[in-house]
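*Asks:* Input file: my_file.pdb. Contents: PDB, C-alpha atoms, pLDDT in the B column.
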ATOM      1  CA  MET A 243      16.596 -51.481  15.485  1.00 83.00           C
ATOM      2  CA  THR A 244      17.937 -51.580  11.935  1.00 97.00           C
ATOM      3  CA  THR A 245      18.183 -48.214  10.209  1.00 98.00           C
ATOM      4  CA  VAL A 246      18.204 -48.027   6.420  1.00 98.00           C
ATOM      5  CA  PHE A 247      19.385 -44.966   4.497  1.00 98.00           C
ATOM      6  CA  ILE A 248      17.285 -44.760   1.311  1.00 98.00           C
ATOM      7  CA  GLY A 249      18.474 -42.252  -1.247  1.00 98.00           C
ATOM      8  CA  GLY A 250      18.980 -41.652  -4.918  1.00 98.00           C
ATOM      9  CA  SER A 251      19.677 -39.364  -7.830  1.00 97.00           C
ATOM     10  CA  ILE A 252      17.832 -36.087  -8.287  1.00 95.00           C
ATOM     11  CA  THR A 253      17.026 -37.050 -11.906  1.00 97.00           C
ATOM     12  CA  ILE A 254      14.934 -40.028 -10.756  1.00 97.00           C
ATOM     13  CA  ARG A 255      11.315 -38.986 -10.275  1.00 96.00           C
ATOM     14  CA  HIS A 256       9.600 -42.386 -10.457  1.00 96.00           C
ATOM     15  CA  LEU A 257      10.483 -45.442  -8.409  1.00 98.00           C
ATOM     16  CA  ASP A 258      10.791 -48.637 -10.423  1.00 98.00           C
ATOM     17  CA  ALA A 259       8.474 -51.480  -9.318  1.00 98.00           C
ATOM     18  CA  LYS A 260      11.544 -53.456  -8.142  1.00 98.00           C
ATOM     19  CA  VAL A 261      12.580 -50.564  -5.893  1.00 98.00           C
ATOM     20  CA  GLN A 262       9.017 -50.266  -4.553  1.00 98.00           C
ATOM     21  CA  ASP A 263       9.097 -53.989  -3.687  1.00 98.00           C
ATOM     22  CA  ARG A 264      12.408 -53.551  -1.883  1.00 98.00           C
ATOM     23  CA  ILE A 265      11.055 -50.606   0.115  1.00 98.00           C
ATOM     24  CA  MET A 266       7.950 -52.654   0.979  1.00 98.00           C
ATOM     25  CA  ASN A 267      10.284 -55.338   2.433  1.00 98.00           C
ATOM     26  CA  ILE A 268      11.812 -52.638   4.648  1.00 98.00           C
ATOM     27  CA  VAL A 269       8.316 -51.469   5.668  1.00 98.00           C
ATOM     28  CA  HIS A 270       7.167 -55.027   6.492  1.00 98.00           C
ATOM     29  CA  GLN A 271      10.238 -55.522   8.691  1.00 98.00           C
ATOM     30  CA  LYS A 272       9.440 -52.215  10.432  1.00 97.00           C
ATOM     31  CA  PHE A 273      12.989 -50.944   9.935  1.00 98.00           C
ATOM     32  CA  ASP A 274      13.727 -47.298  10.658  1.00 98.00           C
ATOM     33  CA  VAL A 275      14.115 -45.345   7.433  1.00 98.00           C
ATOM     34  CA  ILE A 276      16.206 -42.216   7.035  1.00 98.00           C
ATOM     35  CA  VAL A 277      15.783 -40.166   3.892  1.00 98.00           C
ATOM     36  CA  GLY A 278      16.983 -36.796   2.593  1.00 97.00           C
ATOM     37  CA  ASP A 279      14.847 -33.799   1.688  1.00 96.00           C
ATOM     38  CA  ALA A 280      15.902 -33.193  -1.937  1.00 95.00           C
ATOM     39  CA  ASP A 281      13.708 -33.268  -5.024  1.00 96.00           C
ATOM     40  CA  GLY A 282      13.930 -36.261  -7.361  1.00 97.00           C
ATOM     41  CA  ALA A 283      14.519 -39.639  -5.723  1.00 98.00           C
ATOM     42  CA  ASP A 284      14.259 -38.319  -2.128  1.00 98.00           C
ATOM     43  CA  ALA A 285      10.823 -36.796  -2.795  1.00 98.00           C
ATOM     44  CA  SER A 286       9.693 -39.950  -4.665  1.00 98.00           C
ATOM     45  CA  ILE A 287      10.833 -42.162  -1.764  1.00 98.00           C
ATOM     46  CA  GLN A 288       9.038 -39.873   0.695  1.00 98.00           C
ATOM     47  CA  GLN A 289       5.855 -39.958  -1.406  1.00 98.00           C
ATOM     48  CA  PHE A 290       5.936 -43.759  -1.558  1.00 98.00           C
ATOM     49  CA  LEU A 291       6.450 -44.073   2.222  1.00 98.00           C
ATOM     50  CA  ALA A 292       3.705 -41.501   2.874  1.00 98.00           C
ATOM     51  CA  ASP A 293       1.336 -43.490   0.631  1.00 98.00           C
ATOM     52  CA  GLN A 294       2.044 -46.537   2.840  1.00 98.00           C
ATOM     53  CA  ARG A 295       1.362 -44.334   5.897  1.00 98.00           C
ATOM     54  CA  TYR A 296       4.710 -45.526   7.205  1.00 98.00           C
ATOM     55  CA  GLN A 297       5.717 -43.831  10.446  1.00 98.00           C
ATOM     56  CA  HIS A 298       9.269 -45.060  11.126  1.00 98.00           C
ATOM     57  CA  VAL A 299      10.813 -42.328   8.986  1.00 98.00           C
ATOM     58  CA  THR A 300      13.198 -39.480   9.800  1.00 98.00           C
ATOM     59  CA  VAL A 301      13.917 -36.744   7.257  1.00 98.00           C
ATOM     60  CA  PHE A 302      17.469 -35.380   7.355  1.00 98.00           C
ATOM     61  CA  CYS A 303      17.974 -31.800   6.250  1.00 96.00           C
ATOM     62  CA  THR A 304      20.599 -29.080   6.334  1.00 93.00           C
ATOM     63  CA  GLY A 305      19.137 -25.830   7.570  1.00 84.00           C
ATOM     64  CA  ASN A 306      15.986 -25.218   9.580  1.00 87.00           C
ATOM     65  CA  VAL A 307      13.242 -26.413   7.258  1.00 92.00           C
ATOM     66  CA  PRO A 308      13.363 -29.494   5.012  1.00 96.00           C
ATOM     67  CA  ARG A 309      12.767 -28.839   1.317  1.00 95.00           C
ATOM     68  CA  ASN A 310      10.439 -31.874   1.310  1.00 97.00           C
ATOM     69  CA  ASN A 311       8.729 -33.620   4.224  1.00 98.00           C
ATOM     70  CA  ILE A 312       5.717 -35.207   2.536  1.00 98.00           C
ATOM     71  CA  GLY A 313       4.723 -37.431   5.489  1.00 98.00           C
ATOM     72  CA  GLN A 314       5.303 -34.751   8.152  1.00 98.00           C
ATOM     73  CA  TRP A 315       7.801 -37.058   9.870  1.00 98.00           C
ATOM     74  CA  ALA A 316      10.396 -36.278  12.498  1.00 98.00           C
ATOM     75  CA  ILE A 317      13.218 -34.064  11.249  1.00 98.00           C
ATOM     76  CA  HIS A 318      16.923 -34.423  11.949  1.00 97.00           C
ATOM     77  CA  GLN A 319      18.662 -31.114  11.317  1.00 96.00           C
ATOM     78  CA  VAL A 320      22.326 -31.290  10.389  1.00 95.00           C
ATOM     79  CA  LYS A 321      24.559 -28.301  10.992  1.00 91.00           C
ATOM     80  CA  SER A 322      26.738 -27.271   8.091  1.00 88.00           C
ATOM     81  CA  TYR A 323      29.372 -24.579   8.210  1.00 87.00           C
ATOM     82  CA  HIS A 324      29.556 -24.334   4.415  1.00 87.00           C
ATOM     83  CA  SER A 325      27.770 -21.680   2.386  1.00 88.00           C
ATOM     84  CA  PRO A 326      24.031 -22.463   2.040  1.00 86.00           C
ATOM     85  CA  GLY A 327      23.075 -24.089  -1.237  1.00 80.00           C
ATOM     86  CA  SER A 328      26.603 -25.339  -2.038  1.00 83.00           C
ATOM     87  CA  ARG A 329      27.449 -29.015  -2.612  1.00 81.00           C
ATOM     88  CA  ALA A 330      29.466 -29.085   0.642  1.00 84.00           C
ATOM     89  CA  TYR A 331      26.480 -27.611   2.504  1.00 85.00           C
ATOM     90  CA  PHE A 332      24.221 -30.502   1.510  1.00 84.00           C
ATOM     91  CA  THR A 333      26.980 -33.125   1.793  1.00 88.00           C
ATOM     92  CA  ALA A 334      26.995 -32.617   5.585  1.00 92.00           C
ATOM     93  CA  LYS A 335      23.503 -34.171   5.678  1.00 95.00           C
ATOM     94  CA  ASP A 336      24.578 -37.171   3.573  1.00 95.00           C
ATOM     95  CA  LEU A 337      27.570 -37.831   5.838  1.00 95.00           C
ATOM     96  CA  ALA A 338      25.307 -37.731   8.904  1.00 97.00           C
ATOM     97  CA  MET A 339      22.947 -40.220   7.250  1.00 98.00           C
ATOM     98  CA  ALA A 340      25.790 -42.612   6.348  1.00 98.00           C
ATOM     99  CA  GLU A 341      26.889 -42.401   9.989  1.00 97.00           C
ATOM    100  CA  ALA A 342      23.384 -43.051  11.375  1.00 98.00           C
ATOM    101  CA  ALA A 343      22.445 -45.917   9.028  1.00 98.00           C
ATOM    102  CA  ASP A 344      23.193 -49.631   9.305  1.00 98.00           C
ATOM    103  CA  SER A 345      22.842 -50.110   5.550  1.00 98.00           C
ATOM    104  CA  GLY A 346      21.716 -48.276   2.429  1.00 98.00           C
ATOM    105  CA  LEU A 347      19.392 -48.612  -0.539  1.00 98.00           C
ATOM    106  CA  MET A 348      20.527 -46.288  -3.335  1.00 98.00           C
ATOM    107  CA  ILE A 349      18.668 -45.616  -6.580  1.00 98.00           C
ATOM    108  CA  TRP A 350      21.273 -44.468  -9.092  1.00 98.00           C
ATOM    109  CA  ASP A 351      21.004 -42.958 -12.569  1.00 98.00           C
ATOM    110  CA  ALA A 352      24.585 -44.130 -13.373  1.00 97.00           C
ATOM    111  CA  LYS A 353      25.643 -40.455 -13.441  1.00 97.00           C
ATOM    112  CA  SER A 354      24.979 -38.767 -10.109  1.00 94.00           C
ATOM    113  CA  SER A 355      28.116 -38.336  -8.026  1.00 94.00           C
ATOM    114  CA  GLY A 356      26.016 -37.577  -4.921  1.00 93.00           C
ATOM    115  CA  THR A 357      24.367 -41.006  -4.868  1.00 96.00           C
ATOM    116  CA  LEU A 358      27.724 -42.621  -5.595  1.00 96.00           C
ATOM    117  CA  SER A 359      29.259 -40.667  -2.748  1.00 96.00           C
ATOM    118  CA  ASN A 360      26.636 -42.133  -0.383  1.00 97.00           C
ATOM    119  CA  VAL A 361      27.565 -45.675  -1.486  1.00 97.00           C
ATOM    120  CA  ILE A 362      31.253 -44.850  -0.870  1.00 97.00           C
ATOM    121  CA  GLU A 363      30.582 -43.271   2.533  1.00 97.00           C
ATOM    122  CA  LEU A 364      28.635 -46.350   3.654  1.00 98.00           C
ATOM    123  CA  LEU A 365      31.365 -48.682   2.371  1.00 97.00           C
ATOM    124  CA  SER A 366      34.083 -46.657   4.094  1.00 96.00           C
ATOM    125  CA  ARG A 367      32.179 -47.233   7.360  1.00 96.00           C
ATOM    126  CA  LYS A 368      32.059 -50.990   6.600  1.00 95.00           C
ATOM    127  CA  LYS A 369      28.336 -50.758   5.881  1.00 97.00           C
ATOM    128  CA  TYR A 370      26.613 -52.548   3.046  1.00 96.00           C
ATOM    129  CA  SER A 371      24.455 -50.924   0.415  1.00 98.00           C
ATOM    130  CA  LEU A 372      22.250 -52.149  -2.363  1.00 98.00           C
ATOM    131  CA  ALA A 373      22.511 -49.955  -5.455  1.00 98.00           C
ATOM    132  CA  PHE A 374      19.740 -50.051  -8.028  1.00 98.00           C
ATOM    133  CA  VAL A 375      21.012 -48.956 -11.442  1.00 98.00           C
ATOM    134  CA  ASP A 376      17.880 -47.383 -12.870  1.00 97.00           C
ATOM    135  CA  LYS A 377      18.669 -47.739 -16.584  1.00 94.00           C
ATOM    136  CA  LEU A 378      19.541 -51.443 -16.166  1.00 96.00           C
ATOM    137  CA  LYS A 379      16.682 -52.139 -13.732  1.00 97.00           C
ATOM    138  CA  SER A 380      19.085 -54.229 -11.650  1.00 98.00           C
ATOM    139  CA  PHE A 381      20.368 -54.340  -8.073  1.00 98.00           C
ATOM    140  CA  HIS A 382      24.046 -54.537  -7.153  1.00 98.00           C
ATOM    141  CA  ALA A 383      25.206 -55.425  -3.642  1.00 98.00           C
ATOM    142  CA  ILE A 384      28.120 -53.210  -2.634  1.00 98.00           C
ATOM    143  CA  LYS A 385      30.062 -54.939   0.129  1.00 97.00           C
ATOM    144  CA  SER A 386      33.602 -54.509  -1.218  1.00 96.00           C
ATOM    145  CA  VAL A 387      35.760 -52.181  -3.317  1.00 96.00           C
ATOM    146  CA  GLU A 388      35.619 -54.762  -6.105  1.00 96.00           C
ATOM    147  CA  ALA A 389      31.801 -54.531  -6.163  1.00 97.00           C
ATOM    148  CA  LEU A 390      32.054 -50.729  -6.139  1.00 97.00           C
ATOM    149  CA  GLU A 391      34.433 -50.808  -9.116  1.00 97.00           C
ATOM    150  CA  GLN A 392      32.030 -53.065 -11.015  1.00 97.00           C
ATOM    151  CA  LEU A 393      29.257 -50.544 -10.318  1.00 98.00           C
ATOM    152  CA  LEU A 394      31.452 -47.753 -11.711  1.00 97.00           C
ATOM    153  CA  ASN A 395      31.666 -49.616 -15.037  1.00 97.00           C
ATOM    154  CA  TYR A 396      28.084 -48.478 -15.702  1.00 97.00           C
ATOM    155  CA  MET A 397      29.097 -44.834 -15.452  1.00 97.00           C
ATOM    156  CA  PRO A 398      29.811 -43.053 -18.765  1.00 97.00           C
ATOM    157  CA  SER A 399      33.398 -41.707 -19.001  1.00 96.00           C
ATOM    158  CA  PRO A 400      32.408 -37.994 -19.098  1.00 96.00           C
ATOM    159  CA  GLU A 401      30.351 -38.456 -15.929  1.00 96.00           C
ATOM    160  CA  ARG A 402      33.196 -40.305 -14.290  1.00 96.00           C
ATOM    161  CA  ARG A 403      35.552 -37.426 -15.046  1.00 96.00           C
ATOM    162  CA  LYS A 404      33.001 -35.014 -13.537  1.00 96.00           C
ATOM    163  CA  ALA A 405      32.783 -37.198 -10.418  1.00 95.00           C
ATOM    164  CA  ASP A 406      36.590 -37.054 -10.121  1.00 95.00           C
ATOM    165  CA  VAL A 407      36.353 -33.266 -10.021  1.00 94.00           C
ATOM    166  CA  LYS A 408      33.249 -33.063  -7.802  1.00 92.00           C
ATOM    167  CA  ILE A 409      33.932 -35.750  -5.201  1.00 93.00           C
ATOM    168  CA  GLY A 410      37.483 -36.987  -5.915  1.00 95.00           C
ATOM    169  CA  LEU A 411      36.060 -40.344  -7.024  1.00 96.00           C
ATOM    170  CA  SER A 412      39.279 -42.103  -8.134  1.00 95.00           C
ATOM    171  CA  GLU A 413      41.097 -40.966  -5.014  1.00 95.00           C
ATOM    172  CA  LYS A 414      38.308 -42.228  -2.733  1.00 95.00           C
ATOM    173  CA  VAL A 415      38.230 -45.607  -4.476  1.00 96.00           C
ATOM    174  CA  GLY A 416      42.037 -45.803  -4.169  1.00 96.00           C
ATOM    175  CA  VAL A 417      41.894 -45.097  -0.429  1.00 95.00           C
ATOM    176  CA  LEU A 418      39.219 -47.778   0.065  1.00 95.00           C
ATOM    177  CA  ARG A 419      41.209 -50.284  -2.017  1.00 94.00           C
ATOM    178  CA  SER A 420      44.435 -49.786  -0.059  1.00 94.00           C
ATOM    179  CA  ARG A 421      42.534 -50.043   3.236  1.00 92.00           C
ATOM    180  CA  GLU A 422      40.898 -53.280   2.100  1.00 90.00           C
ATOM    181  CA  GLN A 423      44.313 -54.693   1.083  1.00 90.00           C
ATOM    182  CA  GLN A 424      45.819 -53.733   4.447  1.00 90.00           C
ATOM    183  CA  LEU A 425      42.979 -55.422   6.289  1.00 86.00           C
ATOM    184  CA  SER A 426      43.362 -58.623   4.286  1.00 86.00           C
ATOM    185  CA  LEU A 427      47.149 -58.603   4.954  1.00 88.00           C
ATOM    186  CA  LEU A 428      46.474 -58.193   8.662  1.00 87.00           C
ATOM    187  CA  ALA A 429      44.001 -61.085   8.517  1.00 83.00           C
ATOM    188  CA  GLU A 430      46.656 -63.310   6.873  1.00 79.00           C
ATOM    189  CA  ARG A 431      49.343 -62.437   9.391  1.00 70.00           C
ATOM    190  CA  PRO A 432      48.097 -64.493  12.358  1.00 64.00           C
ATOM    191  CA  ALA A 433      47.869 -67.515  10.051  1.00 58.00           C
ATOM    192  CA  ILE A 434      51.517 -67.052   8.995  1.00 57.00           C
ATOM    193  CA  ILE A 435      52.603 -66.669  12.618  1.00 56.00           C
ATOM    194  CA  ALA A 436      50.599 -69.766  13.581  1.00 57.00           C
ATOM    195  CA  HIS A 437      52.551 -71.883  11.071  1.00 57.00           C
ATOM    196  CA  HIS A 438      55.965 -71.062  12.646  1.00 54.00           C
TER     197      HIS A 438
END
Starting from the file, lay out its structure as structure tokens.
*Replies:*
Amino acid sequence: MTTVFIGGSITIRHLDAKVQDRIMNIVHQKFDVIVGDADGADASIQQFLADQRYQHVTVFCTGNVPRNNIGQWAIHQVKSYHSPGSRAYFTAKDLAMAEAADSGLMIWDAKSSGTLSNVIELLSRKKYSLAFVDKLKSFHAIKSVEALEQLLNYMPSPERRKADVKIGLSEKVGVLRSREQQLSLLAERPAIIAHH
């Protein structure tokens, strides 16, 4: 069964009609949905799925009780050894979701480093995500570092600097880029050997 990680920025409280359509596609295909328990996009996604009476949903949370579980769905608790309430504490849940998902649908305000981090974590696991840039009302398929870098062009410079501090953005992109280059070199090698 396909599992889709749907997430987004805490500043987003209303799902654009295009995002609602995309979620309805997921519902019609009866995919498993995993979603976080935060306010903002997570709560809006939960509300939308609850309105559809959709049952194939699991809410991931750090700690014993999810902050939001609008549809009273199954809960997946993630252990975190970081101090409760800290960024690292909640990041444990996001990493578990990236691990559990086959793909992602991310609703991004072009600022949030958390949503961006989810896109990066999926990509680093060779998983595809579709990022909806809320202010542009457009979807961007993130299947490569190049696509990720194009997405980052929508991020204002001050926010990008903050993301460097918060999640080590530039470093993570650099690691992904060098890994992608190594993989393409390895793919070329057999062809070179075959010619000799």
*Asks:* Just say which residues the PyMOL selection byres ((chain A and resi 302-306) around 7) picks in this file, as an mmCIF file with C-alpha atoms, in the frame of the given file.
*Replies:*
data_model
loop_
_atom_site.group_PDB
_atom_site.id
_atom_site.type_symbol
_atom_site.label_atom_id
_atom_site.label_comp_id
_atom_site.auth_asym_id
_atom_site.auth_seq_id
_atom_site.Cartn_x
_atom_site.Cartn_y
_atom_site.Cartn_z
ATOM 1 C CA ILE A 276 16.206 -42.216 7.035
ATOM 2 C CA VAL A 277 15.783 -40.166 3.892
ATOM 3 C CA GLY A 278 16.983 -36.796 2.593
ATOM 4 C CA ASP A 279 14.847 -33.799 1.688
ATOM 5 C CA THR A 300 13.198 -39.480 9.800
ATOM 6 C CA VAL A 301 13.917 -36.744 7.257
ATOM 7 C CA VAL A 307 13.242 -26.413 7.258
ATOM 8 C CA PRO A 308 13.363 -29.494 5.012
ATOM 9 C CA ILE A 317 13.218 -34.064 11.249
ATOM 10 C CA HIS A 318 16.923 -34.423 11.949
ATOM 11 C CA GLN A 319 18.662 -31.114 11.317
ATOM 12 C CA VAL A 320 22.326 -31.290 10.389
ATOM 13 C CA LYS A 321 24.559 -28.301 10.992
ATOM 14 C CA SER A 322 26.738 -27.271 8.091
ATOM 15 C CA PHE A 332 24.221 -30.502 1.510
ATOM 16 C CA LYS A 335 23.503 -34.171 5.678
#
*Asks:* When you look at A:Leu358 with a cut-off of 12 Å (counting all atoms listed in the file), what residues show up, excluding the ones that are within fewer than 4 positions of it in the same chain? I need them as a PyMOL selection string.
*Replies:* chain A and resi 249-251+336+346-354+362-365+371-375+384+390-391+393-394+396-397+401-402+405-406+408-412+414-415
*Asks:* So, with all atoms listed in the file as the atoms that count, which of A:Leu291, A:Asn395, A:Gln424, A:Arg255 lies closest to A:Asn267?
*Replies:*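 So, comparing all the options, the nearest one is A:Leu291.
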*Asks:* Considering only C-alpha atoms, can you say which of A:Leu427, A:Gln392, A:Gly356, A:Thr245 comes closest to A:Ala334?
*Replies:*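 Smallest separation from A:Ala334 among the options: A:Gly356.
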*Asks:* Please report the interatomic distance between atom CA of A:Ser399 and atom CA of A:Leu378 in Å with one decimal.
*Replies:*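 For atom CA of A:Ser399 relative to atom CA of A:Leu378, the distance reads 17.2 Å.
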*Asks:* To one decimal place in Å, what is the distance between atom CA of A:Gly313 and atom CA of A:Val261?
*Replies:* 19.1 Å
*Asks:* Nearest to A:Ser366 among A:Asp274, A:Asp284, A:Asp263, A:Glu422, with distances taken over all atoms listed in the file: which residue is it?
*Replies:* A:Glu422
*Asks:* Using atom CA of A:Gln314 and atom CA of A:Ala338 as the two end points, give the distance in Å to one decimal.
*Replies:*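 Separation between atom CA of A:Gln314 and atom CA of A:Ala338: 20.2 Å.
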